[in-house]
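Colleague: Below are the structure tokens for one structure; questions will follow.
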Amino acid sequence: MDMQVPKKKLGLKERYTLMTRDLAWDTTYQTKEKVYPYADYEGIKIHDWDKWEDPFRLTMDAYWKYQAEKERKLYAIIDAYSQSNGHLGVTDARYLNAIKIFLTAVTPLEYMAHRGFAHVGRAFPGAGARVACQMQAIDEMRHAQTQIHSLSNYNKYYNGFHDAPHMFDRVWYLSVPKSFFDDAITAGPFEFIVSVGFSFEYVLTNLLFVPFVSGAAYNGDMGTMTFGFSAQSDEARHMTLGLECIKFILEQDPANLPIVQRWIDKWCWRGVRLLSIVAMMMDYMLPKRVMSWKEAWEIYFEENGGALFKDLARYGIKMPACAEQIRQEKDHLSHQVWATFYNYGGATDFHTWMPTEDEMQWLSQKYPDTFDKYYRPRFEFWREQQEKGNRFYNKTLPMLCQTCQIPMLFTEPGDPTKICYRERSYKGNKYHFCSDHCQHIFDNEPEKYVQAWLPVHQIYQGNCFPEGADPTAPGFDPLAAVLEYYRLNVGHDNGEFEGSEDHRNFEAWRGMAKRND
Amino acid sequence: MQVAAVKDYVGVPRDVVDNFHGNQLVYIGWDDHLMFAAPLAFPFPPTLRFGDIVEKVLPGAYGYHPDWSKIDWSKVEWMKSGEPWTPHFNRTLAENGIGHKDALRFRTPGLTGIKGSCS
């Protein structure tokens with residue numbers, strides 16, 4: 001009888017080598033340059049890819065095991081939430097508007113991140129980094145899926161959830177997140193890693209998945225809380241990957257430092273501009289608030305991010321120059337952005353409203369130097385007008401920043417009463433910017449940013465009407481045509497929250513849950 | 001560096017004046033009135049009389065504000081590209097030297113928004 005000889009169990013290191021480095025090969029019938037055409041053009045010099053080590057030594061077989069376990073728990077909770085009519089357990093239907101923004105603005109970014117990491121995984125000549133990027137690509141795909149599954153539960157009951165992927169490519173304000181990732185994904189692989197793996201993961205996902213998702217929990221949204229915390233455990237690994245990649249790049253050649261610094265400066269700023277929408281979600285859209293945007297910013301950017309930059313100082317990396325402006329804007333950001341969406345609430349896929357007196361008091365307390373002085377008078381005026389049946393809608397399209405694509409709503413650093421205007425001429429055309437930092441980003445690569453698809457300009461060029469629309473037909477209503485092109489259900493998805501279908505239904509259904517009539 | 005690319009690369013601007021079917025873009029902002037979240041963007045023909053913008057277009061855009069009816073147009077200060085500038089109301093945009101994507105601002109002295117908050 002043959003004896004079964006037990007195989008020697010592999011150690012972690014051997015296993016990791018087998019599952020990563022052993023998957024690599026040297027090119028023979030094609031040159032390495034032809035196989036990896038994007039490895040050099042950004043100017044980054046890598047001398048030895050083998051020096052890169054995955055900090056988690058994560059291999060694909062272990063990955064499936066861990067993630068499958070997380071998925072099982074997540075879907076059990078989503079299912080229980082859905083079966084128990086969890087949507088009626090949220091604090092207030094106003095809250096769901098933040099979730100509509102999440103579904104239309106954030107979830108498609110997860111999918112874009114998946115595409116980006118799949119591409120980078122293909123473009124990097126080093127096997128270790130390639131495998132790590134591949135696993136992150138799968139994570140990002142999973143995040144998109146779990147978010148769609150969790151949030152689409154609300155689509156059965158509330159307006160505005162019906163067409164997120166269609167809207168992502170078209171609706172005016174969604175050009176902001178879209179342009180962020182289009183910019184990142186059309187950069188080279190090293191810039192992509194710095195933009196998403198470092199700046200985006202550190203600056204954005206921490207603030208989104210920790211304080212905002214805590215807000216979801218506070219407001220009774222178990223589905224969002226569960227996918228948020230599931231995603232956050234991946235984000236911790238992603239951040240480490242981003243950081244390790246940056247350290248690796250910097251250790252490989254001193255010539256890489258100025259390039260990486262420019263990318264960090266650029267992407268911290270782009271990330272902060274993108275976060276503006278999360279600022280208003282936290283301060284204005286969570287009926288029960290966990291902490292103010294400013295407090296979250298101080299913890300997750302100033303303290304955590306500050307520690308990170310101290311860690312990178314030994315490589316010569318400096319805190320981005322925009323940090324000072326960001327520090328000043330934290331007192332204004334959420335109010336200015338909410339005011340903008342209140343202006344343009346007739347063209348959004350979610351509802352807006354004015355804060356109640358209680359909420360204004362909370363805002364005064366959290367923003368003692370700015371709220372009462374600059375924003376309360378405006379909000380009280382709007383509320384008075386609304387009560388008289390004269391709700392404010394700004395019907396003229398706004399001027400946009402060429403780089404971040406956000407309406408030019410930001411004020412001068414140091415003067416919150418003056419809009420910040422910056423402009424540049426390039427090859428005979430004028431371009432406008434919301435800040436010095438957005439202008440510098442343009443100045444560094446004008447050939448890239450002159451092509452920006454700015455929604456307002458596209459609307460005025462006639463490129464945002466439904467197929468077959470005839471703008472020369474008598475009685476043609478351009479605004480109605482644009483909203484139809486967005487697939488926005490006017491009168492249901494947009495406008496004022498007070499008295500909306502969502503508001504009425506939520507009150508009626510909640511009432512039915514408490515009574516027997 | 002104009003762009004980082006694997007080969008020679010030239011960007012095609014999407015917003016050149018030729019794409020606007022005879023119009024040009026003009027941006028207008030009302031200083032100290034942040035109730036209007038951002039400056040506004042308009043497509044105007046270059047043959048449009050400047051006064052028609054102030055008399056016929058801006059009331060629809062800014063008339064909601066209680067300060068609008070109090071404006072003394074003889075005292076309004078204008079800026080173009082951030083520099084002081086004087087428009088001629090009876091001349092066209094082209095005759096006023098207003099090009100595609102020019103940013104104009106006007107300030108209405110004495111009017112500083114809701115309760116002086118520049119709202």
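Starting from 1 in every chain, residues are counted up; chains themselves are A, B, ... following the order of the structure tokens, and ligands are numbered from 1 as listed.
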Give me, as a PyMOL selection string, the residues of chain A touching chain B, with the criterion being at most 8 Å (counting only C-alpha atoms).
Modeller: chain A and resi 37-38+41-42+187+336+339-340+343+373-375+377-378+381+392+394-399+407-409+417-419+421+423+429-431+443-453+456-457+460-461
Colleague: Those same residues, written as a JSON list (two decimals), in the first residue's frame with C-alpha atoms?
Modeller:
[["chain", "number", "residue", "atom", "x", "y", "z"],
["A", 37, "PRO", "CA", 4.32, 51.12, -23.20],
["A", 38, "TYR", "CA", 3.10, 53.31, -20.33],
["A", 41, "TYR", "CA", 6.50, 58.42, -20.37],
["A", 42, "GLU", "CA", 5.60, 60.20, -17.16],
["A", 187, "ALA", "CA", -3.07, 60.01, -16.70],
["A", 336, "GLN", "CA", -21.63, 77.62, 0.12],
["A", 339, "ALA", "CA", -26.64, 77.25, -1.08],
["A", 340, "THR", "CA", -25.59, 76.35, -4.63],
["A", 343, "ASN", "CA", -30.16, 77.62, -6.17],
["A", 373, "LYS", "CA", -22.54, 86.37, 9.82],
["A", 374, "TYR", "CA", -22.51, 85.16, 6.23],
["A", 375, "TYR", "CA", -25.07, 82.41, 5.74],
["A", 377, "PRO", "CA", -29.33, 85.93, 6.72],
["A", 378, "ARG", "CA", -29.44, 84.35, 3.26],
["A", 381, "PHE", "CA", -34.57, 85.17, 3.66],
["A", 392, "PHE", "CA", -35.99, 80.62, -4.94],
["A", 394, "ASN", "CA", -31.85, 80.17, -9.98],
["A", 395, "LYS", "CA", -32.86, 79.59, -13.59],
["A", 396, "THR", "CA", -29.73, 80.90, -15.29],
["A", 397, "LEU", "CA", -26.88, 78.45, -15.70],
["A", 398, "PRO", "CA", -23.72, 79.12, -13.71],
["A", 399, "MET", "CA", -20.16, 79.84, -14.83],
["A", 407, "PRO", "CA", -19.77, 76.31, -10.46],
["A", 408, "MET", "CA", -17.62, 79.30, -9.52],
["A", 409, "LEU", "CA", -19.09, 79.39, -6.03],
["A", 417, "THR", "CA", -17.84, 88.01, 0.48],
["A", 418, "LYS", "CA", -16.05, 87.94, -2.90],
["A", 419, "ILE", "CA", -16.20, 85.22, -5.53],
["A", 421, "TYR", "CA", -12.21, 84.69, -10.23],
["A", 423, "GLU", "CA", -8.53, 83.46, -15.79],
["A", 429, "ASN", "CA", -9.04, 81.08, -25.91],
["A", 430, "LYS", "CA", -10.03, 82.22, -22.43],
["A", 431, "TYR", "CA", -10.34, 79.78, -19.53],
["A", 443, "ASP", "CA", -1.15, 75.60, -16.45],
["A", 444, "ASN", "CA", 0.78, 72.35, -16.02],
["A", 445, "GLU", "CA", -1.15, 70.48, -18.70],
["A", 446, "PRO", "CA", -3.27, 72.88, -20.74],
["A", 447, "GLU", "CA", -3.62, 70.49, -23.68],
["A", 448, "LYS", "CA", -5.48, 68.12, -21.39],
["A", 449, "TYR", "CA", -7.86, 70.56, -19.74],
["A", 450, "VAL", "CA", -8.86, 72.61, -22.81],
["A", 451, "GLN", "CA", -10.94, 69.58, -23.73],
["A", 452, "ALA", "CA", -13.07, 69.65, -20.58],
["A", 453, "TRP", "CA", -16.72, 68.72, -21.18],
["A", 456, "VAL", "CA", -23.18, 74.48, -19.11],
["A", 457, "HIS", "CA", -21.24, 75.03, -22.33],
["A", 460, "TYR", "CA", -25.54, 76.10, -24.78],
["A", 461, "GLN", "CA", -23.98, 74.32, -27.74]]
Colleague: Considering only C-alpha atoms, return as a list in words whatever protein or nucleic-acid residues lie within 12 Å of Leu257 (chain A), sequence-local ones (same chain, fewer than 2 positions apart) excluded.
Modeller: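 Counting only the stated atoms, we get Gly43, Ile44, Lys45, Ile246, Lys247, Phe248, Ile249, Leu250, Glu251, Gln252, Asp253, Pro254, Ala255, Ile259, Val260, Gln261, Arg262, Trp263, Ile264, Leu312, Ala313, Arg314, Tyr315, Gly316, Ile317 and Lys318 of chain A.
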Colleague: What are the DSSP helix (DSSP H, G or I) residues of chain B, as a VMD selection string?
Modeller: chain B and resid 17 to 20 50 to 62 68 to 70 114 to 116
Colleague: Would you export the selected residues with N, CA, C and O atoms as an mmCIF file, in the first residue's frame, please?
Modeller:
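New file out13.cif:
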data_model
loop_
_atom_site.group_PDB
_atom_site.id
_atom_site.type_symbol
_atom_site.label_atom_id
_atom_site.label_comp_id
_atom_site.auth_asym_id
_atom_site.auth_seq_id
_atom_site.Cartn_x
_atom_site.Cartn_y
_atom_site.Cartn_z
ATOM 1 N N VAL B 17 -15.613 79.525 -29.942
ATOM 2 C CA VAL B 17 -16.816 80.300 -30.266
ATOM 3 C C VAL B 17 -17.590 79.695 -31.445
ATOM 4 O O VAL B 17 -18.820 79.766 -31.498
ATOM 5 N N ASP B 18 -16.880 79.057 -32.349
ATOM 6 C CA ASP B 18 -17.545 78.470 -33.525
ATOM 7 C C ASP B 18 -18.564 77.388 -33.148
ATOM 8 O O ASP B 18 -19.426 77.035 -33.957
ATOM 9 N N ASN B 19 -18.447 76.835 -31.953
ATOM 10 C CA ASN B 19 -19.366 75.758 -31.554
ATOM 11 C C ASN B 19 -20.698 76.266 -31.006
ATOM 12 O O ASN B 19 -21.547 75.476 -30.620
ATOM 13 N N PHE B 20 -20.853 77.600 -30.943
ATOM 14 C CA PHE B 20 -22.033 78.133 -30.256
ATOM 15 C C PHE B 20 -23.084 78.710 -31.207
ATOM 16 O O PHE B 20 -23.901 79.532 -30.812
ATOM 17 N N PHE B 50 -25.522 96.103 -25.574
ATOM 18 C CA PHE B 50 -25.176 95.843 -24.170
ATOM 19 C C PHE B 50 -26.333 96.220 -23.239
ATOM 20 O O PHE B 50 -26.649 95.497 -22.284
ATOM 21 N N GLY B 51 -26.970 97.359 -23.543
ATOM 22 C CA GLY B 51 -28.078 97.815 -22.694
ATOM 23 C C GLY B 51 -29.210 96.802 -22.612
ATOM 24 O O GLY B 51 -29.902 96.705 -21.598
ATOM 25 N N ASP B 52 -29.369 96.017 -23.671
ATOM 26 C CA ASP B 52 -30.440 95.012 -23.650
ATOM 27 C C ASP B 52 -30.167 93.925 -22.614
ATOM 28 O O ASP B 52 -31.106 93.330 -22.069
ATOM 29 N N ILE B 53 -28.910 93.659 -22.382
ATOM 30 C CA ILE B 53 -28.584 92.663 -21.341
ATOM 31 C C ILE B 53 -29.068 93.189 -19.992
ATOM 32 O O ILE B 53 -29.765 92.499 -19.237
ATOM 33 N N VAL B 54 -28.696 94.435 -19.709
ATOM 34 C CA VAL B 54 -29.041 95.002 -18.403
ATOM 35 C C VAL B 54 -30.556 95.193 -18.284
ATOM 36 O O VAL B 54 -31.141 94.933 -17.235
ATOM 37 N N GLU B 55 -31.177 95.645 -19.377
ATOM 38 C CA GLU B 55 -32.601 95.981 -19.298
ATOM 39 C C GLU B 55 -33.521 94.774 -19.483
ATOM 40 O O GLU B 55 -34.595 94.719 -18.897
ATOM 41 N N LYS B 56 -33.104 93.820 -20.284
ATOM 42 C CA LYS B 56 -34.036 92.731 -20.620
ATOM 43 C C LYS B 56 -33.636 91.360 -20.083
ATOM 44 O O LYS B 56 -34.492 90.503 -19.892
ATOM 45 N N VAL B 57 -32.337 91.131 -19.901
ATOM 46 C CA VAL B 57 -31.915 89.785 -19.486
ATOM 47 C C VAL B 57 -31.678 89.715 -17.970
ATOM 48 O O VAL B 57 -32.211 88.830 -17.291
ATOM 49 N N LEU B 58 -30.916 90.665 -17.450
ATOM 50 C CA LEU B 58 -30.550 90.577 -16.027
ATOM 51 C C LEU B 58 -31.750 90.650 -15.066
ATOM 52 O O LEU B 58 -31.713 89.988 -14.022
ATOM 53 N N PRO B 59 -32.818 91.402 -15.381
ATOM 54 C CA PRO B 59 -33.948 91.381 -14.429
ATOM 55 C C PRO B 59 -34.498 89.968 -14.209
ATOM 56 O O PRO B 59 -34.871 89.618 -13.096
ATOM 57 N N GLY B 60 -34.515 89.165 -15.265
ATOM 58 C CA GLY B 60 -35.001 87.782 -15.117
ATOM 59 C C GLY B 60 -34.036 86.946 -14.303
ATOM 60 O O GLY B 60 -34.434 86.017 -13.584
ATOM 61 N N ALA B 61 -32.761 87.274 -14.390
ATOM 62 C CA ALA B 61 -31.748 86.473 -13.686
ATOM 63 C C ALA B 61 -31.593 86.912 -12.232
ATOM 64 O O ALA B 61 -31.422 86.085 -11.337
ATOM 65 N N TYR B 62 -31.650 88.247 -12.000
ATOM 66 C CA TYR B 62 -31.327 88.762 -10.663
ATOM 67 C C TYR B 62 -32.502 89.434 -9.946
ATOM 68 O O TYR B 62 -32.375 89.855 -8.795
ATOM 69 N N TRP B 68 -32.354 94.400 -6.110
ATOM 70 C CA TRP B 68 -32.345 94.650 -7.550
ATOM 71 C C TRP B 68 -33.061 95.960 -7.910
ATOM 72 O O TRP B 68 -32.556 96.777 -8.674
ATOM 73 N N SER B 69 -34.231 96.161 -7.288
ATOM 74 C CA SER B 69 -35.027 97.337 -7.639
ATOM 75 C C SER B 69 -34.389 98.625 -7.096
ATOM 76 O O SER B 69 -34.785 99.726 -7.474
ATOM 77 N N LYS B 70 -33.407 98.491 -6.208
ATOM 78 C CA LYS B 70 -32.801 99.692 -5.607
ATOM 79 C C LYS B 70 -31.554 100.149 -6.362
ATOM 80 O O LYS B 70 -30.894 101.101 -5.961
ATOM 81 N N ILE B 114 -28.631 90.856 1.685
ATOM 82 C CA ILE B 114 -29.569 90.669 2.795
ATOM 83 C C ILE B 114 -28.869 91.010 4.113
ATOM 84 O O ILE B 114 -27.849 90.405 4.460
ATOM 85 N N LYS B 115 -29.404 91.973 4.817
ATOM 86 C CA LYS B 115 -28.880 92.417 6.114
ATOM 87 C C LYS B 115 -27.362 92.679 6.066
ATOM 88 O O LYS B 115 -26.630 92.345 7.006
ATOM 89 N N GLY B 116 -26.893 93.195 4.944
ATOM 90 C CA GLY B 116 -25.473 93.545 4.813
ATOM 91 C C GLY B 116 -24.527 92.363 4.805
ATOM 92 O O GLY B 116 -23.319 92.528 4.996
#
Colleague: Within 7 Å of region 66-78 of chain A, counting only C-alpha atoms, which residues qualify if same-chain residues fewer than 5 places away don't, as number ranges by chain?
Modeller: A: 150, 223, 226-227, 230
Colleague: When you look at region 201-206 of chain A with a cut-off of 9 Å (counting only C-alpha atoms), what residues show up, excluding the ones that are within fewer than 6 positions of it in the same chain? I need them as number ranges by chain.
Modeller: A: 195, 232, 235-236, 238-239, 242, 268, 271-272, 274-275, 300-301, 304-305
Colleague: Please list as a PDB file with N, CA, C and O atoms, in the first residue's frame every residue within 9 Å of Tyr36 (chain A), counting only C-alpha atoms and excluding residues in the same chain fewer than 5 positions away.
Modeller:
ATOM      1  N   THR A  31       9.842  43.296 -27.127  1.00  0.00           N
ATOM      2  CA  THR A  31      10.665  44.015 -26.151  1.00  0.00           C
ATOM      3  C   THR A  31       9.784  44.389 -24.945  1.00  0.00           C
ATOM      4  O   THR A  31       8.563  44.520 -25.067  1.00  0.00           O
ATOM      5  N   ARG A 122      -2.199  46.157 -15.406  1.00  0.00           N
ATOM      6  CA  ARG A 122      -1.646  45.711 -16.690  1.00  0.00           C
ATOM      7  C   ARG A 122      -0.395  46.511 -17.066  1.00  0.00           C
ATOM      8  O   ARG A 122       0.523  46.004 -17.708  1.00  0.00           O
ATOM      9  N   ALA A 123      -0.374  47.791 -16.657  1.00  0.00           N
ATOM     10  CA  ALA A 123       0.688  48.688 -17.139  1.00  0.00           C
ATOM     11  C   ALA A 123       1.975  48.608 -16.335  1.00  0.00           C
ATOM     12  O   ALA A 123       3.048  48.909 -16.859  1.00  0.00           O
ATOM     13  N   PHE A 124       1.893  48.225 -15.070  1.00  0.00           N
ATOM     14  CA  PHE A 124       3.107  48.163 -14.240  1.00  0.00           C
ATOM     15  C   PHE A 124       3.944  46.955 -14.614  1.00  0.00           C
ATOM     16  O   PHE A 124       3.451  45.820 -14.622  1.00  0.00           O
ATOM     17  N   PRO A 125       5.235  47.152 -14.856  1.00  0.00           N
ATOM     18  CA  PRO A 125       6.085  45.994 -15.165  1.00  0.00           C
ATOM     19  C   PRO A 125       6.382  45.099 -13.948  1.00  0.00           C
ATOM     20  O   PRO A 125       6.819  43.967 -14.128  1.00  0.00           O
TER      21      PRO A 125
END
Colleague: Could you tell me how far CA of His335 (chain A) lies from CA of Asp369 (chain A), in Å and to one decimal?
Modeller: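 Result for CA of His335 (chain A) versus CA of Asp369 (chain A): 12.8 Å, one decimal.
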Colleague: Set the distance at 8 Å and use only C-alpha atoms: which residues neighbour Ile71 (chain B) once local chain neighbours fewer than 5 positions away are removed? I'd like the list as a PyMOL selection string.
Modeller: chain B and resi 76+108+111
Colleague: I'd like the contact shell of Ile459 (chain A) - 10 Å cut-off, only C-alpha atoms, skipping same-chain residues fewer than 4 positions apart - returned as number ranges by chain.
Modeller: A: 172, 397, 454-455, 463-465, 478-479, 481-482; B: 20
Colleague: Write the residues of the selection above to a file with all heavy atoms, as a tab-separated table (two decimals), in the first residue's frame.
Modeller:
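Contents of the output file again34.tsv:
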chain	number	residue	atom	x	y	z
A	172	TRP	N	-25.41	67.80	-14.84
A	172	TRP	CA	-24.39	68.86	-14.71
A	172	TRP	C	-23.48	68.66	-13.51
A	172	TRP	O	-22.27	68.66	-13.66
A	172	TRP	CB	-25.08	70.24	-14.68
A	172	TRP	CG	-26.05	70.41	-13.54
A	172	TRP	CD1	-27.35	69.99	-13.53
A	172	TRP	CD2	-25.81	71.01	-12.27
A	172	TRP	NE1	-27.94	70.29	-12.32
A	172	TRP	CE2	-27.02	70.92	-11.53
A	172	TRP	CE3	-24.72	71.61	-11.67
A	172	TRP	CZ2	-27.14	71.41	-10.23
A	172	TRP	CZ3	-24.84	72.10	-10.38
A	172	TRP	CH2	-26.04	72.00	-9.66
A	397	LEU	N	-27.95	79.41	-15.95
A	397	LEU	CA	-26.88	78.45	-15.70
A	397	LEU	C	-25.63	79.15	-15.18
A	397	LEU	O	-25.35	80.29	-15.56
A	397	LEU	CB	-26.56	77.68	-16.99
A	397	LEU	CG	-27.74	76.98	-17.66
A	397	LEU	CD1	-27.29	76.24	-18.92
A	397	LEU	CD2	-28.39	76.00	-16.71
A	454	LEU	N	-17.66	70.76	-20.26
A	454	LEU	CA	-18.35	71.54	-19.24
A	454	LEU	C	-19.85	71.55	-19.55
A	454	LEU	O	-20.26	72.00	-20.61
A	454	LEU	CB	-17.81	72.97	-19.21
A	454	LEU	CG	-16.32	73.11	-18.86
A	454	LEU	CD1	-15.92	74.58	-18.83
A	454	LEU	CD2	-16.00	72.47	-17.52
A	455	PRO	N	-20.66	71.02	-18.62
A	455	PRO	CA	-22.08	70.84	-18.91
A	455	PRO	C	-22.77	72.11	-19.38
A	455	PRO	O	-23.55	72.07	-20.33
A	455	PRO	CB	-22.67	70.37	-17.58
A	455	PRO	CG	-21.53	69.86	-16.80
A	455	PRO	CD	-20.30	70.57	-17.26
A	463	ASN	N	-25.87	70.36	-27.20
A	463	ASN	CA	-25.47	68.95	-27.19
A	463	ASN	C	-26.13	68.13	-26.08
A	463	ASN	O	-25.75	66.99	-25.86
A	463	ASN	CB	-23.95	68.85	-27.04
A	463	ASN	CG	-23.25	69.44	-28.24
A	463	ASN	OD1	-23.82	69.49	-29.33
A	463	ASN	ND2	-22.02	69.90	-28.06
A	464	CYS	N	-27.08	68.71	-25.36
A	464	CYS	CA	-27.68	68.00	-24.23
A	464	CYS	C	-29.20	67.92	-24.36
A	464	CYS	O	-29.94	68.10	-23.39
A	464	CYS	CB	-27.29	68.66	-22.92
A	464	CYS	SG	-25.51	68.69	-22.65
A	465	PHE	N	-29.65	67.64	-25.57
A	465	PHE	CA	-31.08	67.42	-25.78
A	465	PHE	C	-31.30	65.95	-26.11
A	465	PHE	O	-30.38	65.29	-26.61
A	465	PHE	CB	-31.61	68.29	-26.93
A	465	PHE	CG	-31.44	69.77	-26.71
A	465	PHE	CD1	-31.00	70.60	-27.73
A	465	PHE	CD2	-31.71	70.33	-25.47
A	465	PHE	CE1	-30.83	71.96	-27.52
A	465	PHE	CE2	-31.55	71.70	-25.25
A	465	PHE	CZ	-31.11	72.51	-26.29
A	478	PRO	N	-35.89	74.60	-24.03
A	478	PRO	CA	-34.56	74.00	-23.87
A	478	PRO	C	-34.34	73.37	-22.49
A	478	PRO	O	-33.75	72.30	-22.38
A	478	PRO	CB	-33.58	75.15	-24.12
A	478	PRO	CG	-34.38	76.39	-24.15
A	478	PRO	CD	-35.82	76.02	-24.35
A	479	LEU	N	-34.82	74.04	-21.44
A	479	LEU	CA	-34.60	73.50	-20.09
A	479	LEU	C	-35.31	72.16	-19.92
A	479	LEU	O	-34.73	71.18	-19.42
A	479	LEU	CB	-35.07	74.50	-19.03
A	479	LEU	CG	-34.88	74.02	-17.59
A	479	LEU	CD1	-33.41	73.79	-17.27
A	479	LEU	CD2	-35.50	75.00	-16.59
A	481	ALA	N	-36.05	70.12	-22.23
A	481	ALA	CA	-35.36	69.13	-23.07
A	481	ALA	C	-34.10	68.61	-22.36
A	481	ALA	O	-33.79	67.41	-22.41
A	481	ALA	CB	-35.01	69.74	-24.42
A	482	VAL	N	-33.39	69.51	-21.70
A	482	VAL	CA	-32.17	69.09	-20.99
A	482	VAL	C	-32.54	68.12	-19.85
A	482	VAL	O	-31.89	67.08	-19.68
A	482	VAL	CB	-31.40	70.33	-20.44
A	482	VAL	CG1	-30.30	69.89	-19.48
A	482	VAL	CG2	-30.83	71.15	-21.59
B	20	PHE	N	-20.85	77.60	-30.94
B	20	PHE	CA	-22.03	78.13	-30.26
B	20	PHE	C	-23.08	78.71	-31.21
B	20	PHE	O	-23.90	79.53	-30.81
B	20	PHE	CB	-21.61	79.16	-29.20
B	20	PHE	CG	-20.97	78.52	-27.99
B	20	PHE	CD1	-19.62	78.19	-27.99
B	20	PHE	CD2	-21.73	78.20	-26.88
B	20	PHE	CE1	-19.04	77.57	-26.89
B	20	PHE	CE2	-21.16	77.59	-25.77
B	20	PHE	CZ	-19.81	77.27	-25.78
Colleague: Figure out the distance between CA of Glu110 (chain A) and CA of Ala127 (chain A), please, to one decimal in Å.
Modeller: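 CA of Ala127 (chain A) sits 23.7 Å away from CA of Glu110 (chain A).
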Colleague: Can you list every residue in region 31-115 of chain B that DSSP puts in strand (DSSP E), as a list in words?
Modeller: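 Filtering region 31-115 of chain B down to strand (DSSP E) leaves Leu40, Ala41, Phe42, Pro43, Phe44, Glu77, Trp78, Met79, Lys80, Glu83, Pro84, Trp85, Asp102, Ala103, Leu104, Arg105, Phe106 and Arg107 of chain B.
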Colleague: Distance CA of Lys7 (chain A)-CA of Met19 (chain A), one decimal place?
Modeller: 17.6 Å
